[in-house]
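Asks: So that we are looking at the same thing, I have put the structure below in structure tokens.
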Amino acid sequence: MSTRILLYEWCCSGGAGTGEAAIAAEGRMMLEALAVDAAKAAQLDVTVLVDPAGTLDLPPQARQVAVRPGDHLGQLLAAAPKMDWMLIVAPESDGILGRLVREVRAAGGRVLGPADSVIAMASDKQTTIDTLAGRGLPVPAGRGLSPGEGLPSGFRLPAVRKARGGCGCEEVALIRSPDCPPAAVATRLEAFAPGTPAGVSLLCGPRGILSLPVMRQRFSDSDQPRYLGSEPLPDEEACSRAMALARRAAAAMSAAAGWIGVDVILGARPDGRDDRVLEVNPRISTSIVGQTRLFASSLVLAMSEAAAGDLPRLVPADDAEAARGSFRLPSG
């Protein structure tokens, strides 16, 4: 018996407005990678909501449903009770992800993702850090700033400022001077933590948490960094530290089902005392592009298995295919 699953990505499925070009390229990469990955599993019956104004390279196994202008939400909710699973990729900014997931669940859809409360918590970077710190996890020292609020007197520099409700590198800046202008949105200001930035993706379900290969993240070298892509982290000892820290973060957030991502900084000390959790992503992130290349089996199928309480069956790709786990985002 086949498992019916619908793939929805906010930029490519009719949700985004014309001003979202900055994240549209990442959205397309994620949706195409998910569709190709799902096509690996014969038991998955895949439907993709597609904005006909865009261009996507999807496998023939994926059934494409064109979104009528202005009706992406209506079509998404109409499909919800007809599917076994809904996989929703959307930014946390302005509560977009949280609203979509809540409405889909209210319409009878089963979403491959954490609980609404976890999405709400992880969508606010300051709340995330406060929650993790309160449960004993190592995080950078910092505090929230209101829109227009300047740096607090005496805060140690350099520091990092990021939008509290943003995704990716939205409003991220390395602050070197106390005279820097305030941000127009609510932000989190935190101590700069040197080290290797890494992302850990986790499959969560009633039977536990499965860590996927750790990805080293690459950013542009500037005070307003841009995410460039990622590659598998080759250092096994560092990978073990990253996985252990990410699993602790997911457990502290009570991530119950589906996919969750944890961004960490791995410091220079081999005992891990300089390692820090930076944030938690309650959704598929761009790392899925590289992750799907590391497995001959389907990660989308594994997500649904984990969420249903089964043990995911993952088959590593051969060496030539796995070498493609590194990827770069389009420039521009």
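We name chains A, B, ... following the order of the structure tokens; residues begin at 1 in each chain, and ligands are numbered from 1 as shown.
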List the spatial neighbours of Ser123 (chain A) as a list of chain:residue names - criterion: any atom at most 12 Å away, only C-alpha atoms, same-chain residues fewer than 6 positions off excluded.

Replies: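 Listed by chain and then number, they are A:Ala90, A:Pro91, A:Glu92, A:Ser93, A:Asp94, A:Gly95, A:Ile96, A:Leu97, A:Gly98, A:Arg99, A:Pro114, A:Asp116, A:Ser117, A:Ile129, A:Ala163, A:Arg164, A:Gly165, A:Gly166, A:Cys167, A:Gly168, A:Met253, A:Glu279, A:Val280, A:Asn281, A:Pro282, A:Arg283.
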
Asks: Please dump the current selection as a CSV table (one decimal), in the first residue's frame; keep N, CA and C atoms.

Replies:
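Printed below is out.csv as written:
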chain,number,residue,atom,x,y,z
A,90,ALA,N,8.8,26.2,5.0
A,90,ALA,CA,8.4,27.7,5.0
A,90,ALA,C,9.3,28.4,6.0
A,91,PRO,N,9.5,29.7,5.9
A,91,PRO,CA,10.3,30.4,6.8
A,91,PRO,C,9.6,30.6,8.1
A,92,GLU,N,10.3,30.7,9.2
A,92,GLU,CA,9.7,31.1,10.5
A,92,GLU,C,9.3,32.5,10.6
A,93,SER,N,9.9,33.4,9.7
A,93,SER,CA,9.7,34.8,9.7
A,93,SER,C,8.2,35.2,9.8
A,94,ASP,N,7.9,36.1,10.6
A,94,ASP,CA,6.5,36.6,10.7
A,94,ASP,C,5.5,35.5,11.0
A,95,GLY,N,6.0,34.4,11.6
A,95,GLY,CA,5.1,33.3,12.0
A,95,GLY,C,4.5,32.5,10.9
A,96,ILE,N,5.1,32.6,9.7
A,96,ILE,CA,4.6,31.9,8.5
A,96,ILE,C,4.5,30.4,8.7
A,97,LEU,N,5.6,29.8,9.1
A,97,LEU,CA,5.7,28.4,9.3
A,97,LEU,C,4.6,27.9,10.3
A,98,GLY,N,4.6,28.6,11.4
A,98,GLY,CA,3.7,28.2,12.5
A,98,GLY,C,2.2,28.3,12.1
A,99,ARG,N,1.9,29.3,11.4
A,99,ARG,CA,0.5,29.5,10.9
A,99,ARG,C,0.1,28.4,9.9
A,114,PRO,N,7.7,19.0,14.1
A,114,PRO,CA,7.5,19.1,15.6
A,114,PRO,C,6.1,19.7,15.9
A,116,ASP,N,3.3,22.2,17.5
A,116,ASP,CA,3.1,23.6,17.3
A,116,ASP,C,3.8,24.4,18.3
A,117,SER,N,3.9,23.9,19.6
A,117,SER,CA,4.5,24.7,20.6
A,117,SER,C,6.1,24.7,20.4
A,129,ILE,N,17.0,30.1,23.0
A,129,ILE,CA,18.2,30.2,23.8
A,129,ILE,C,17.9,30.1,25.3
A,163,ALA,N,18.1,38.6,13.7
A,163,ALA,CA,16.7,38.8,13.9
A,163,ALA,C,16.1,37.7,14.8
A,164,ARG,N,15.3,38.1,15.8
A,164,ARG,CA,14.8,37.1,16.7
A,164,ARG,C,13.9,36.1,15.9
A,165,GLY,N,13.2,36.6,14.9
A,165,GLY,CA,12.2,35.7,14.2
A,165,GLY,C,12.6,35.5,12.8
A,166,GLY,N,13.9,35.6,12.4
A,166,GLY,CA,14.3,35.5,11.0
A,166,GLY,C,14.7,34.0,10.7
A,167,CYS,N,15.0,33.8,9.4
A,167,CYS,CA,15.5,32.5,9.0
A,167,CYS,C,16.8,32.8,8.2
A,168,GLY,N,17.6,31.8,8.1
A,168,GLY,CA,18.9,31.9,7.4
A,168,GLY,C,19.7,33.0,8.1
A,253,MET,N,14.0,20.5,23.7
A,253,MET,CA,12.8,21.2,23.0
A,253,MET,C,11.6,20.3,22.9
A,279,GLU,N,21.1,27.8,17.5
A,279,GLU,CA,19.7,27.9,17.2
A,279,GLU,C,19.1,26.6,16.8
A,280,VAL,N,17.8,26.5,16.8
A,280,VAL,CA,17.1,25.2,16.4
A,280,VAL,C,16.2,25.6,15.2
A,281,ASN,N,16.2,24.8,14.2
A,281,ASN,CA,15.4,25.0,13.0
A,281,ASN,C,14.2,24.0,13.1
A,282,PRO,N,13.0,24.4,13.2
A,282,PRO,CA,11.9,23.4,13.4
A,282,PRO,C,11.3,23.0,12.0
A,283,ARG,N,12.2,22.9,11.0
A,283,ARG,CA,11.8,22.6,9.7
A,283,ARG,C,12.9,22.1,8.9

Asks: Considering only strand (DSSP E) as DSSP defines it on the backbone, what residues of region 49-297 of chain A qualify? List them as a ChimeraX atom specification.

Replies: /A:49-50,63-66,85-89,142-145,159-163,173-175,187-191,196-205,208-211,215-219,227-232,258-266,276-281

Asks: Rounded to one decimal place, report the CA of Leu294 (chain A)-CA of Leu212 (chain A) distance in Å.

Replies: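 CA of Leu212 (chain A) lies at a distance of 9.5 Å from CA of Leu294 (chain A).
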
Asks: Residues of region 38-142 of chain A within 12 Å of region 240-245 of chain A: nearest atom pair and distance (Å, one decimal) for each, counting only C-alpha atoms, sorted by chain and number, as CSV?

Replies:
residue,atom,partner,partner_atom,distance
A:Leu132,CA,A:Leu245,CA,11.0
A:Gly136,CA,A:Leu245,CA,11.1
A:Leu137,CA,A:Leu245,CA,8.0
A:Pro138,CA,A:Leu245,CA,8.7
A:Val139,CA,A:Leu245,CA,10.7

Asks: Deliver the residues from the most recent selection as a file, using C-alpha atoms, as a compact mmCIF listing (two decimals), in the first residue's frame.

Replies:
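Now in again37.txt:
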# COMPACT_ATOMS: atom_id res chain seq x y z
CA LEU A 132 18.04 25.63 26.17
CA GLY A 136 21.51 23.13 31.05
CA LEU A 137 22.75 23.40 27.48
CA PRO A 138 25.75 25.58 26.58
CA VAL A 139 24.71 28.67 24.61

Asks: Of the candidates A:Met29, A:Cys169, A:Ala106, A:Ala252, which one gets nearest to Gln224 (chain A) if we count only C-alpha atoms?

Replies: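 For Gln224 (chain A), the nearest of the given residues is A:Cys169.
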
Asks: Select, from A:Val46, A:Ala33, A:Val67, A:Ala38, the residue with the minimum atom-to-atom distance to Leu6 (chain A), counting only C-alpha atoms.

Replies: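 Going through A:Val46, A:Ala33, A:Val67, A:Ala38 one by one, the smallest distance to Leu6 (chain A) is for A:Val46.
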
Asks: Calculated over only C-alpha atoms, which of the candidates A:Asp84, A:Gly14, A:Met30, A:Thr3 has the smallest distance to Ala53 (chain A)?

Replies: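 Between A:Asp84, A:Gly14, A:Met30, A:Thr3, the residue approaching Ala53 (chain A) most closely is A:Gly14.
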
Asks: Can you list, as a PDB file with N, CA and C atoms, in the first residue's frame, every protein, DNA or RNA residue that comes within 9 Å of Ala141 (chain A) when you count only C-alpha atoms, leaving out same-chain residues fewer than 3 positions away?

Replies:
ATOM      1  N   LEU A 189      21.147  39.729  20.580  1.00  0.00           N
ATOM      2  CA  LEU A 189      22.561  40.080  20.609  1.00  0.00           C
ATOM      3  C   LEU A 189      23.268  39.031  21.445  1.00  0.00           C
ATOM      4  N   GLU A 190      24.327  38.443  20.891  1.00  0.00           N
ATOM      5  CA  GLU A 190      25.017  37.384  21.625  1.00  0.00           C
ATOM      6  C   GLU A 190      26.520  37.498  21.457  1.00  0.00           C
ATOM      7  N   ALA A 191      27.248  36.972  22.430  1.00  0.00           N
ATOM      8  CA  ALA A 191      28.700  36.971  22.381  1.00  0.00           C
ATOM      9  C   ALA A 191      29.173  36.157  21.183  1.00  0.00           C
ATOM     10  N   PHE A 192      30.173  36.672  20.484  1.00  0.00           N
ATOM     11  CA  PHE A 192      30.742  35.950  19.353  1.00  0.00           C
ATOM     12  C   PHE A 192      31.448  34.704  19.864  1.00  0.00           C
TER      13      PHE A 192
END

Asks: Run DSSP on the backbone of this structure and report the residues of region 33-67 of chain A it assigns to helix (DSSP H, G or I), as a list in words.

Replies: Ala33, Leu34, Ala35, Val36, Asp37 and Ala38 of chain A

Asks: For Ala78 (chain A), which residue out of A:Gly109, A:Gly148, A:Pro213, A:Pro59 is the nearest one, using only C-alpha atoms?

Replies: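 Comparing A:Gly109, A:Gly148, A:Pro213, A:Pro59 against Ala78 (chain A), the winner is A:Gly109.
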
Asks: Using only C-alpha atoms, can you tell me which of A:Pro194, A:Glu32, A:Glu9, A:Val172 comes closest to Asp57 (chain A)?

Replies: A:Glu32
